[in-house]
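Worksheet: one structure, shown below.
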Number of protein chains: 2
Amino acid sequence: MSLFAAVQVLLGAAALAGPSDPTLQIAAVLRDRLLGGRGAAEIAGSLCDGVGPRLAGSDGAREARRWAVRELARLGLRNVHEEPLSEPRWVRGAETAEIVSPVRQRLAVAALGGSGPTPRDGIEAEVLATKNLETLAALAAKEPAIARGRIVFFTERTDRTRDGSGYGRAVSIRYGGPDEARKLGAAAVVIRSVGTSSTRLPHTGVMKVEPGIAPLPAAALSAPDADLLERIAAGGVVRLRLTLGCRTEPDAPGANVVGEIPGSERPEEIVLLAAHLDSWDLGTGAIDDGAGVGIVAEAVRAIAVLPRAPRRTLRVVLFADEENGGRGGAAYANAHRGELDRHVAALEMDLGTDRVYRIAASGGPEADAVVGAVEELLRPIGVAERAADAGGGSDVAGLRAFGVPMLDLNQDASRYFDFHHSADDTVDKIDPANLAQATAAAAVLAWVVADEPGTLGRIPPEKRTVKHW
Amino acid sequence: MSLFAAVQVLLGAAALAGPSDPTLQIAAVLRDRLLGGRGAAEIAGSLCDGVGPRLAGSDGAREARRWAVRELARLGLRNVHEEPLSEPRWVRGAETAEIVSPVRQRLAVAALGGSGPTPRDGIEAEVLATKNLETLAALAAKEPAIARGRIVFFTERTDRTRDGSGYGRAVSIRYGGPDEARKLGAAAVVIRSVGTSSTRLPHTGVMKVEPGIAPLPAAALSAPDADLLERIAAGGVVRLRLTLGCRTEPDAPGANVVGEIPGSERPEEIVLLAAHLDSWDLGTGAIDDGAGVGIVAEAVRAIAVLPRAPRRTLRVVLFADEENGGRGGAAYANAHRGELDRHVAALEMDLGTDRVYRIAASGGPEADAVVGAVEELLRPIGVAERAADAGGGSDVAGLRAFGVPMLDLNQDASRYFDFHHSADDTVDKIDPANLAQATAAAAVLAWVVADEPGTLGRIPPEKRTVKHW
């Protein structure tokens with residue numbers, strides 16, 4: 001029986017007495033200190049109010065790096081630095097959409113990240129409404145020219161789910177739809193926003209851009225506008241005019257921002273605690289991922305003021321360009337390849353402001369006991385479920401390929417996709433009490449994994465496939 | 001004891017048996033027929049999808065008149081016609097707002113109706129944040145030059161209330177604030193939207209424009225943007241850049257659209273059933289006031305197919321320009337002055353899509369009994385309260401001055417100001433079942449007042465003051 005399993009038995013027998021293992025005792029203190037705090041919300045607010053939107057390659061992204069270096073140092077981290085990389089630079093322009101016949105109606109629209117521009121006066125074309133990639137393929141199988149010269153309109157809805165699976169099912173349309181439509185000769189693409197809001201605010205997000213091929217103009221409509229277009233399209237031929245002034249400029253200098261609490265016994269072993277610093281341009285990036293930055297920064301602040309450092313190094317990485325290409329995650333994996341076998345685990349917080357309800361780990365068989373011990377500590381604050389496998393956040397999931405164990409703390413995503421990637425992603429959407437619960441959970445998990453003598457093992461080779469939404 | 005009082009007693013004694021008065025029996029049939037229907041929602045949808053935004057003086061307003069004439073005739077009304085008037089024509093242009101120091105943040109903004117434009121490159125000025133008209137006056141009393149050259153920012157919040165009183169308290173800032181700031185030498189005005197939504201969608205609405213005086217540029221910020229500006233302003237000096245491309249053009253031809261069910265016994269006596277046809281330009285005018293148009297049109301459709309017409313004439317008026325000046329209501333009062341003493345009552349539906357919970361009438365002492373009888377019919381569908389006085393909707397309230405009795409059916413306004421005057425006023429916000437309940441209530445009230453031999457009397461001279469929000 002491992003130490004962790006023994007602790008689990010002890011905890012089961014004497015839950016009221018609290019854990020006897022010193023690591024777990026400290027973890028319980030961390031949990032209780034963080035639970036009622038507002039630190040994570042204040043840090044997220046400082047980033048969103050003080051910097052605002054910070055899409056890769058923008059002035060905001062540069063300001064955010066400065067903010068992050070200052071903030072991580074202020075919070076007591078050591079070895080705070082930028083790790084340079086090259087970021088994409090895609091810039092939104094003026095954008096309009098209008099049904100021009102059989103009625104005239106203006107539609108609320110936002111270009112997808114990476115979208116090509118339309119000509120200055122826009123594109124006017126007949127709309128081909130279809131549900132998703134499969135229905136488009138079926139139409140094209142019967143009539144190969146069906147999309148040619150048209151504006152393909154994907155109507156698929158996003159289900160509201162606690163675990164984000166509704167987004168997972170719909171997002172392939174946003175990512176892959178424009179390129180599939182391009183292959184069929186379409187003039188442009190509009191999609192129903194991948195999101196659950198019923199406001200007139202479209203949700204942007206990255207689309208696939210093939211190297212060396214000019215991407216189609218592609219944009220998201222807000223749900224009410226997609227409803228309207230769908231109703232009118234059901235009545236017959238609809239013509240739409242779309243104007244997108246966006247452009248892709250040369251790559252710009254960017255960086256991941258890194259800071260550490262050096263380990264007291266095994267400083268060469270690393271536990272990664274991550275969030276992403278960039279955000280979409282429409283909102284101020286409060287829930288995506290100011291909230292994650294707040295969680296991570298407040299968690300390490302609380303750990304940094306403990307009487308002793310954890311045995312292993314706790315490394316915070318605030319990633320660049322999670323949103324529009326994933327260059328930050330790729331650059332980290334590349335720059336740190338030599339020490340990935342000493343990366344004991346990675347946890348990324350990137351699901352907003354609501355409460356953690358589920359925990360998961362992917363690693364070796366040893367991982368079960370660690371997660372079990374943490375589960376005992378987190379159950380009293382509402383982390384009542386355990387998933388079989390942890391996929392890892394999108395910046396760290398690439399490390400699966402090297403066997404690095406993944407940790408997940410799943411936050412309730414029921415509200416998340418109301419605001420995600422839209423202008424509505426602003427600090428008023430942050431619930432400080434819920435964010436404090438998520439911060440407590442992250443601090444406990446990071447601390448325990450960094451401090452316990454045992455490890456999570458490694459992800460076995462047959463499970464190292466990277467899962468992407 | 002009047003007939004109505006007698007009926008009330010009877011109903012109290014034998015509610016299960018239903019009313020014995022033929023007028024009330026028919027009213028009960030109307031109620032039950034309309035309650036489960038979708039007619040009102042479909043009519044509102046036809047207007048919003050088929051025409052869309054229809055601000056006074058716009059192409060949409062002209063299209064809406066054509067739609068209304070066609071629709072009222074289709075629904076079985078007689079004497080359908082337009083009553084010409086002159087409408088204001090105010091046109092929104094490009095509009096942007098940006099905090100330029102101490103940080104840079106773009107703000108979601110919408111000019112108020114009647115606002116003046118800024119210079120083409122905008123106005124950049126220091127912000128003077130103040131709560132409301134009283135706090136601005138207090139600041140100016142101490143320091144007369146305090147607003148000079150500045151952008152005055154009114155921060156007052158709108159309370160969410162069932163009866164709309166929260167809006168009533170806040171709207172004076174939107175209406176009067178820009179002109180008060182102008183008198184103090186301000187460069188421009190921004191207000192926190194008069195609305196209860198937490199989205200990034202600002203709520204427009206009319207502002208006071210003094211004849212012959214150029215109005216200040218004035219605009220509403222969405223609530224999250226007002227929050228942000230207020231937080232940053234609390235930290236010190238803030239500079240804002242505001243660009244509004246709106247303009248006032250010469251008046252345009254407009255019209256109220258009128259149709260009737262001629263009375264079978266006293267056709268010269270008129271019961272007015274009203275809604276307004278115009279809408280703000282940002283949304284498609286679904287709840288304000290497509291819903292009211294749907295209620296009124298579906299109610300008279302149901303009355304028109306009854307085996308007999310009501311004793312009095314039921315006149316539907318779909319008013320022009322309720323939103324940006326009230327020209328429709330004024331034109332009606334003027335054109336019909338000679339028959340206002342034969343206007344037995346007026347009911348305007350202009351509070352959205354939710355359920356009626358309260359009834360009220362203003363008239364002579366006779367009104368009590370009529371309302372009591374209707375109350376009995378409507379209590380089973382949730383109209384459980386009676387208010388002491390009916391103010392009348394804004395297009396008909398002017399008729400108070402002539403003693404014309406007012407009827408109110410108060411809808412639950414808790415959600416209304418989430419969408420009102422914003423881009424979010426779209427048909428998906430209409431709840432067909434709730435709208436059917438409001439339609440049933442309106443049909444019952446209009447029918448009973450038009451068919452019962454007794455009248456509501458007249459508003460006594462000392463109570464003829466017109467109340468405006």
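A note on labels: chains of the structure tokens are A, B, ... as shown, every chain counts residues from 1, and ligands are counted from 1 in their shown order.
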Using only C-alpha atoms, find which residues of chain A lie within 6 Å of chain B and jot them down as a short mmCIF file (atom, residue, chain, number, x, y, z; two decimals) with all heavy atoms, in the first residue's frame.
data_model
loop_
_atom_site.label_atom_id
_atom_site.label_comp_id
_atom_site.auth_asym_id
_atom_site.auth_seq_id
_atom_site.Cartn_x
_atom_site.Cartn_y
_atom_site.Cartn_z
N THR A 199 -27.60 36.54 -26.65
CA THR A 199 -27.45 37.97 -26.91
C THR A 199 -27.02 38.20 -28.37
O THR A 199 -26.65 37.26 -29.06
CB THR A 199 -26.40 38.62 -26.00
OG1 THR A 199 -25.11 38.16 -26.41
CG2 THR A 199 -26.63 38.26 -24.55
N ARG A 200 -27.01 39.47 -28.77
CA ARG A 200 -26.57 39.82 -30.13
C ARG A 200 -25.05 39.96 -30.18
O ARG A 200 -24.54 40.82 -30.92
CB ARG A 200 -27.20 41.16 -30.56
CG ARG A 200 -28.69 41.18 -30.74
CD ARG A 200 -29.21 40.46 -31.96
NE ARG A 200 -28.87 40.98 -33.26
CZ ARG A 200 -29.37 42.06 -33.83
NH1 ARG A 200 -30.21 42.82 -33.19
NH2 ARG A 200 -29.04 42.41 -35.06
N ASP A 424 -18.71 39.97 -24.43
CA ASP A 424 -19.24 39.85 -23.07
C ASP A 424 -18.27 39.21 -22.08
O ASP A 424 -18.63 39.02 -20.92
CB ASP A 424 -20.52 39.00 -23.10
CG ASP A 424 -21.73 39.81 -22.70
OD1 ASP A 424 -21.55 40.94 -22.21
OD2 ASP A 424 -22.85 39.31 -22.89
#
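Here the question is which of A:Leu221, A:Leu128, A:Val206, A:Val257 gets nearest to Ser193 of chain A using only C-alpha atoms, and that residue is A:Leu221.
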Self-check item: Nearest to Arg182 of chain A by atom-to-atom distance, counting only C-alpha atoms, from A:Glu71, A:Glu230, A:Glu339, A:Glu210
Solution: A:Glu210
Quiz item: Near segment 130-134 of chain B, within 9 Å and counting only C-alpha atoms, which residues show up once chain neighbours fewer than 5 positions away are dropped, as a ChimeraX atom specification?
Solution: /B:139,152-157,170,172-173,176-177,180-181
Export all heavy atoms of the chosen residues as a CSV table (one decimal), in the first residue's frame?
chain,number,residue,atom,x,y,z
B,139,LEU,N,-22.5,69.4,-7.6
B,139,LEU,CA,-21.1,69.7,-8.0
B,139,LEU,C,-21.0,71.1,-8.6
B,139,LEU,O,-20.1,71.9,-8.3
B,139,LEU,CB,-20.6,68.7,-9.0
B,139,LEU,CG,-20.3,67.3,-8.5
B,139,LEU,CD1,-20.0,66.4,-9.6
B,139,LEU,CD2,-19.2,67.3,-7.4
B,152,VAL,N,-19.3,64.5,-19.3
B,152,VAL,CA,-20.0,64.2,-18.1
B,152,VAL,C,-20.5,62.7,-18.2
B,152,VAL,O,-21.1,62.3,-19.2
B,152,VAL,CB,-21.2,65.1,-17.9
B,152,VAL,CG1,-22.0,64.6,-16.7
B,152,VAL,CG2,-20.7,66.6,-17.6
B,153,PHE,N,-20.2,62.0,-17.2
B,153,PHE,CA,-20.6,60.5,-17.2
B,153,PHE,C,-21.5,60.3,-16.0
B,153,PHE,O,-21.1,60.4,-14.9
B,153,PHE,CB,-19.3,59.7,-17.0
B,153,PHE,CG,-19.4,58.3,-16.7
B,153,PHE,CD1,-20.5,57.5,-17.2
B,153,PHE,CD2,-18.5,57.6,-15.8
B,153,PHE,CE1,-20.6,56.1,-16.9
B,153,PHE,CE2,-18.6,56.3,-15.5
B,153,PHE,CZ,-19.7,55.5,-16.0
B,154,PHE,N,-22.8,60.0,-16.4
B,154,PHE,CA,-23.8,59.7,-15.3
B,154,PHE,C,-23.7,58.2,-15.0
B,154,PHE,O,-23.9,57.3,-15.9
B,154,PHE,CB,-25.2,60.1,-15.8
B,154,PHE,CG,-25.4,61.5,-15.9
B,154,PHE,CD1,-25.4,62.2,-17.2
B,154,PHE,CD2,-25.6,62.3,-14.8
B,154,PHE,CE1,-25.7,63.5,-17.3
B,154,PHE,CE2,-25.8,63.7,-14.9
B,154,PHE,CZ,-25.8,64.3,-16.2
B,155,THR,N,-23.6,57.9,-13.8
B,155,THR,CA,-23.3,56.5,-13.4
B,155,THR,C,-24.5,55.7,-12.8
B,155,THR,O,-24.4,54.6,-12.4
B,155,THR,CB,-22.2,56.4,-12.3
B,155,THR,OG1,-22.6,57.1,-11.2
B,155,THR,CG2,-20.9,57.0,-12.9
B,156,GLU,N,-25.6,56.4,-12.7
B,156,GLU,CA,-26.8,55.8,-12.0
B,156,GLU,C,-27.2,54.5,-12.6
B,156,GLU,O,-27.2,54.3,-13.8
B,156,GLU,CB,-28.0,56.8,-12.2
B,156,GLU,CG,-29.2,56.4,-11.4
B,156,GLU,CD,-29.3,56.7,-10.0
B,156,GLU,OE1,-28.6,56.0,-9.2
B,156,GLU,OE2,-29.9,57.7,-9.6
B,157,ARG,N,-27.5,53.6,-11.7
B,157,ARG,CA,-28.0,52.2,-12.1
B,157,ARG,C,-29.5,52.1,-12.2
B,157,ARG,O,-30.2,52.9,-11.5
B,157,ARG,CB,-27.5,51.2,-11.0
B,157,ARG,CG,-26.0,50.9,-11.2
B,157,ARG,CD,-25.4,50.3,-10.0
B,157,ARG,NE,-24.1,49.7,-10.3
B,157,ARG,CZ,-23.0,50.3,-10.6
B,157,ARG,NH1,-23.0,51.6,-10.7
B,157,ARG,NH2,-21.9,49.7,-10.8
B,170,ALA,N,-34.7,56.0,-13.4
B,170,ALA,CA,-33.4,56.3,-14.0
B,170,ALA,C,-33.5,57.1,-15.3
B,170,ALA,O,-32.6,57.7,-15.8
B,170,ALA,CB,-32.6,55.0,-14.3
B,172,SER,N,-34.9,59.7,-16.4
B,172,SER,CA,-34.8,61.2,-16.4
B,172,SER,C,-33.3,61.6,-16.7
B,172,SER,O,-33.1,62.6,-17.3
B,172,SER,CB,-35.3,61.8,-15.1
B,172,SER,OG,-34.5,61.2,-14.0
B,173,ILE,N,-32.4,60.7,-16.3
B,173,ILE,CA,-31.0,61.1,-16.6
B,173,ILE,C,-30.7,61.0,-18.1
B,173,ILE,O,-30.1,61.8,-18.7
B,173,ILE,CB,-30.1,60.1,-15.9
B,173,ILE,CG1,-30.2,60.3,-14.4
B,173,ILE,CG2,-28.6,60.2,-16.3
B,173,ILE,CD1,-29.6,59.2,-13.5
B,176,GLY,N,-32.9,64.0,-19.7
B,176,GLY,CA,-32.6,65.4,-19.3
B,176,GLY,C,-31.1,65.6,-19.1
B,176,GLY,O,-30.6,66.8,-19.2
B,177,GLY,N,-30.3,64.6,-18.9
B,177,GLY,CA,-28.9,64.7,-18.6
B,177,GLY,C,-28.1,65.5,-19.6
B,177,GLY,O,-27.3,66.4,-19.3
B,180,GLU,N,-28.8,69.2,-19.5
B,180,GLU,CA,-28.3,69.8,-18.2
B,180,GLU,C,-26.8,70.0,-18.4
B,180,GLU,O,-26.2,71.0,-18.0
B,180,GLU,CB,-28.6,69.0,-17.0
B,180,GLU,CG,-30.1,69.0,-16.6
B,180,GLU,CD,-30.7,70.4,-16.5
B,180,GLU,OE1,-30.1,71.2,-15.8
B,180,GLU,OE2,-31.8,70.6,-17.1
B,181,ALA,N,-26.1,69.0,-18.9
B,181,ALA,CA,-24.7,69.1,-19.0
B,181,ALA,C,-24.3,70.2,-20.0
B,181,ALA,O,-23.3,70.9,-19.9
B,181,ALA,CB,-24.1,67.7,-19.5
Exercise. Pick out each residue of segment 84-294 of chain B that DSSP on the backbone tags as alpha helix (DSSP H); I need them as a count of residues only.
Key: 45
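Computed from the coordinates, the atom CA of Thr243 of chain A to atom CA of Thr96 of chain A distance equals 5.2 Å.
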Quiz item: atom CA of Pro202 of chain A to atom CA of Pro117 of chain A: how many Å, to one decimal?
Solution: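 Pair atom CA of Pro202 of chain A / atom CA of Pro117 of chain A returns 17.6 Å.
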Any idea what's packed within 7 Å of Val237 of chain A, counting only C-alpha atoms, ignoring anything in its chain fewer than 2 positions away? Could you give it as an mmCIF file with N, CA and C atoms, in the first residue's frame?
data_model
loop_
_atom_site.group_PDB
_atom_site.id
_atom_site.type_symbol
_atom_site.label_atom_id
_atom_site.label_comp_id
_atom_site.auth_asym_id
_atom_site.auth_seq_id
_atom_site.Cartn_x
_atom_site.Cartn_y
_atom_site.Cartn_z
ATOM 1 N N GLU A 126 -25.516 34.252 -52.651
ATOM 2 C CA GLU A 126 -26.620 33.453 -52.138
ATOM 3 C C GLU A 126 -26.117 32.580 -50.976
ATOM 4 N N ALA A 233 -33.928 31.858 -44.496
ATOM 5 C CA ALA A 233 -33.426 30.887 -45.480
ATOM 6 C C ALA A 233 -34.403 29.717 -45.659
ATOM 7 N N ARG A 239 -30.027 36.269 -50.055
ATOM 8 C CA ARG A 239 -28.722 36.823 -50.422
ATOM 9 C C ARG A 239 -28.174 37.618 -49.243
#
Exercise. Determine the nearest neighbour of Ala186 of chain A from the options A:Arg150, A:Arg66, A:Arg301, A:Arg308, counting only C-alpha atoms.
Key: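 Closest candidate: A:Arg150.
Atom pair atom CA of Ser394 of chain A / atom CA of Ile430 of chain A has a distance of 21.6 Å (rounded to one decimal).
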Quiz item: Quick one: DSSP strand (DSSP E) residues in segment 32-262 of chain B, as number ranges by chain?
Solution: B: 78-91, 95-101, 105-107, 109-111, 123-130, 151-154, 188-192, 218-221, 239-244, 247-261
Would you kindly return, as a CSV table (one decimal) with N, CA, C and O atoms, in the first residue's frame, each protein, DNA or RNA residue with an atom no farther than 12 Å from any atom of Glu452 of chain A, considering only C-alpha atoms and excluding same-chain residues fewer than 6 positions away?
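In the end it all went to part-v4.csv:
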chain,number,residue,atom,x,y,z
A,2,SER,N,0.6,2.1,-0.9
A,2,SER,CA,1.4,3.4,-1.0
A,2,SER,C,1.1,4.3,0.2
A,2,SER,O,0.1,4.1,0.9
A,3,LEU,N,1.9,5.2,0.4
A,3,LEU,CA,1.6,6.2,1.4
A,3,LEU,C,0.3,6.9,1.2
A,3,LEU,O,-0.5,7.1,2.1
A,4,PHE,N,0.0,7.2,-0.1
A,4,PHE,CA,-1.2,7.9,-0.4
A,4,PHE,C,-2.4,7.0,-0.1
A,4,PHE,O,-3.4,7.5,0.5
A,7,VAL,N,-2.9,7.0,3.5
A,7,VAL,CA,-3.6,8.2,4.0
A,7,VAL,C,-5.1,8.2,3.7
A,7,VAL,O,-5.9,8.6,4.5
A,21,ASP,N,-0.7,13.3,7.4
A,21,ASP,CA,0.5,13.6,6.6
A,21,ASP,C,0.8,15.1,6.5
A,21,ASP,O,-0.1,15.9,6.3
A,22,PRO,N,2.0,15.5,6.8
A,22,PRO,CA,2.3,17.0,6.8
A,22,PRO,C,2.0,17.7,5.5
A,22,PRO,O,1.5,18.8,5.5
A,23,THR,N,2.2,17.0,4.4
A,23,THR,CA,1.9,17.6,3.1
A,23,THR,C,0.4,17.9,3.0
A,23,THR,O,0.0,19.0,2.6
A,24,LEU,N,-0.4,17.0,3.4
A,24,LEU,CA,-1.8,17.1,3.3
A,24,LEU,C,-2.3,18.1,4.4
A,24,LEU,O,-3.3,18.8,4.2
A,25,GLN,N,-1.6,18.1,5.5
A,25,GLN,CA,-2.0,19.1,6.5
A,25,GLN,C,-1.8,20.6,6.0
A,25,GLN,O,-2.7,21.4,6.2
A,26,ILE,N,-0.7,20.8,5.4
A,26,ILE,CA,-0.5,22.1,4.8
A,26,ILE,C,-1.5,22.4,3.7
A,26,ILE,O,-2.0,23.5,3.5
A,27,ALA,N,-1.8,21.3,2.9
A,27,ALA,CA,-2.8,21.5,1.8
A,27,ALA,C,-4.1,21.9,2.4
A,27,ALA,O,-4.8,22.8,1.8
A,263,GLY,N,12.0,24.2,-5.8
A,263,GLY,CA,11.8,23.1,-4.9
A,263,GLY,C,12.9,23.1,-3.8
A,263,GLY,O,14.0,23.4,-4.0
A,264,SER,N,12.5,22.6,-2.6
A,264,SER,CA,13.4,22.6,-1.5
A,264,SER,C,14.3,21.3,-1.5
A,264,SER,O,15.4,21.3,-1.0
A,265,GLU,N,13.8,20.2,-2.1
A,265,GLU,CA,14.5,19.0,-2.0
A,265,GLU,C,14.9,18.5,-3.4
A,265,GLU,O,16.0,17.9,-3.6
A,266,ARG,N,14.0,18.6,-4.4
A,266,ARG,CA,14.2,18.1,-5.7
A,266,ARG,C,13.9,19.3,-6.7
A,266,ARG,O,12.9,19.2,-7.5
A,269,GLU,N,12.9,18.7,-10.4
A,269,GLU,CA,11.6,18.1,-10.8
A,269,GLU,C,10.6,19.2,-10.8
A,269,GLU,O,10.5,20.0,-9.8
A,271,VAL,N,6.7,20.8,-11.4
A,271,VAL,CA,5.2,20.7,-11.5
A,271,VAL,C,4.8,22.0,-12.2
A,271,VAL,O,5.0,23.1,-11.7
A,309,ALA,N,9.0,25.8,1.2
A,309,ALA,CA,8.7,25.6,-0.2
A,309,ALA,C,8.4,24.1,-0.4
A,309,ALA,O,8.8,23.2,0.4
A,310,PRO,N,7.6,23.8,-1.4
A,310,PRO,CA,7.4,22.3,-1.7
A,310,PRO,C,8.7,21.6,-2.1
A,310,PRO,O,9.7,22.3,-2.5
A,311,ARG,N,8.7,20.3,-2.0
A,311,ARG,CA,9.9,19.6,-2.3
A,311,ARG,C,10.4,19.8,-3.8
A,311,ARG,O,11.5,20.0,-4.1
A,312,ARG,N,9.4,19.8,-4.7
A,312,ARG,CA,9.7,20.0,-6.1
A,312,ARG,C,9.5,21.5,-6.5
A,312,ARG,O,8.8,22.2,-5.8
A,313,THR,N,10.0,21.9,-7.6
A,313,THR,CA,9.8,23.2,-8.2
A,313,THR,C,8.4,23.3,-8.7
A,313,THR,O,7.9,22.5,-9.5
A,344,VAL,N,6.9,16.5,-13.7
A,344,VAL,CA,6.1,15.5,-12.9
A,344,VAL,C,4.6,15.6,-13.1
A,344,VAL,O,3.9,14.6,-13.1
A,366,GLU,N,0.4,5.0,-10.2
A,366,GLU,CA,0.6,5.8,-8.9
A,366,GLU,C,-0.4,7.0,-8.8
A,366,GLU,O,-0.6,7.4,-7.7
A,367,ALA,N,-0.8,7.4,-10.0
A,367,ALA,CA,-1.6,8.7,-10.0
A,367,ALA,C,-2.9,8.6,-9.1
A,367,ALA,O,-3.3,9.5,-8.5
A,369,ALA,N,-3.6,7.2,-6.4
A,369,ALA,CA,-3.6,7.4,-4.9
A,369,ALA,C,-3.4,8.9,-4.6
A,369,ALA,O,-4.0,9.5,-3.7
A,370,VAL,N,-2.6,9.6,-5.5
A,370,VAL,CA,-2.4,11.0,-5.3
A,370,VAL,C,-3.7,11.8,-5.4
A,370,VAL,O,-4.1,12.6,-4.6
A,371,VAL,N,-4.4,11.4,-6.5
A,371,VAL,CA,-5.7,12.1,-6.8
A,371,VAL,C,-6.7,11.8,-5.7
A,371,VAL,O,-7.4,12.6,-5.3
A,373,ALA,N,-6.1,11.2,-2.5
A,373,ALA,CA,-5.8,12.0,-1.4
A,373,ALA,C,-6.3,13.4,-1.5
A,373,ALA,O,-6.9,14.0,-0.6
A,374,VAL,N,-6.0,14.0,-2.7
A,374,VAL,CA,-6.5,15.3,-3.0
A,374,VAL,C,-8.0,15.4,-3.0
A,374,VAL,O,-8.6,16.3,-2.5
A,444,VAL,N,-4.3,23.4,-3.7
A,444,VAL,CA,-4.2,22.1,-3.0
A,444,VAL,C,-3.6,21.0,-4.0
A,444,VAL,O,-2.6,20.3,-3.6
A,445,LEU,N,-4.1,21.0,-5.2
A,445,LEU,CA,-3.6,19.9,-6.1
A,445,LEU,C,-2.1,20.2,-6.5
A,445,LEU,O,-1.3,19.3,-6.4
A,446,ALA,N,-1.8,21.5,-6.8
A,446,ALA,CA,-0.4,21.8,-7.2
A,446,ALA,C,0.5,21.5,-6.0
A,446,ALA,O,1.6,21.0,-6.2
Quiz item: Near segment 73-82 of chain B, within 10 Å and counting only C-alpha atoms, which residues show up once chain neighbours fewer than 6 positions away are dropped, as a PyMOL selection string?
Solution: chain B and resi 65-66+254-262+297-305+314-318
Self-check item: Residue neighbourhood Ala219 of chain A, 12 Å, only C-alpha atoms, exclusion window fewer than 2 positions, as a ChimeraX atom specification
Solution: /A:92,95-97,107-118,151-154,173-175,177-178,188-194,202-207,215-217,221-222,226,242-246
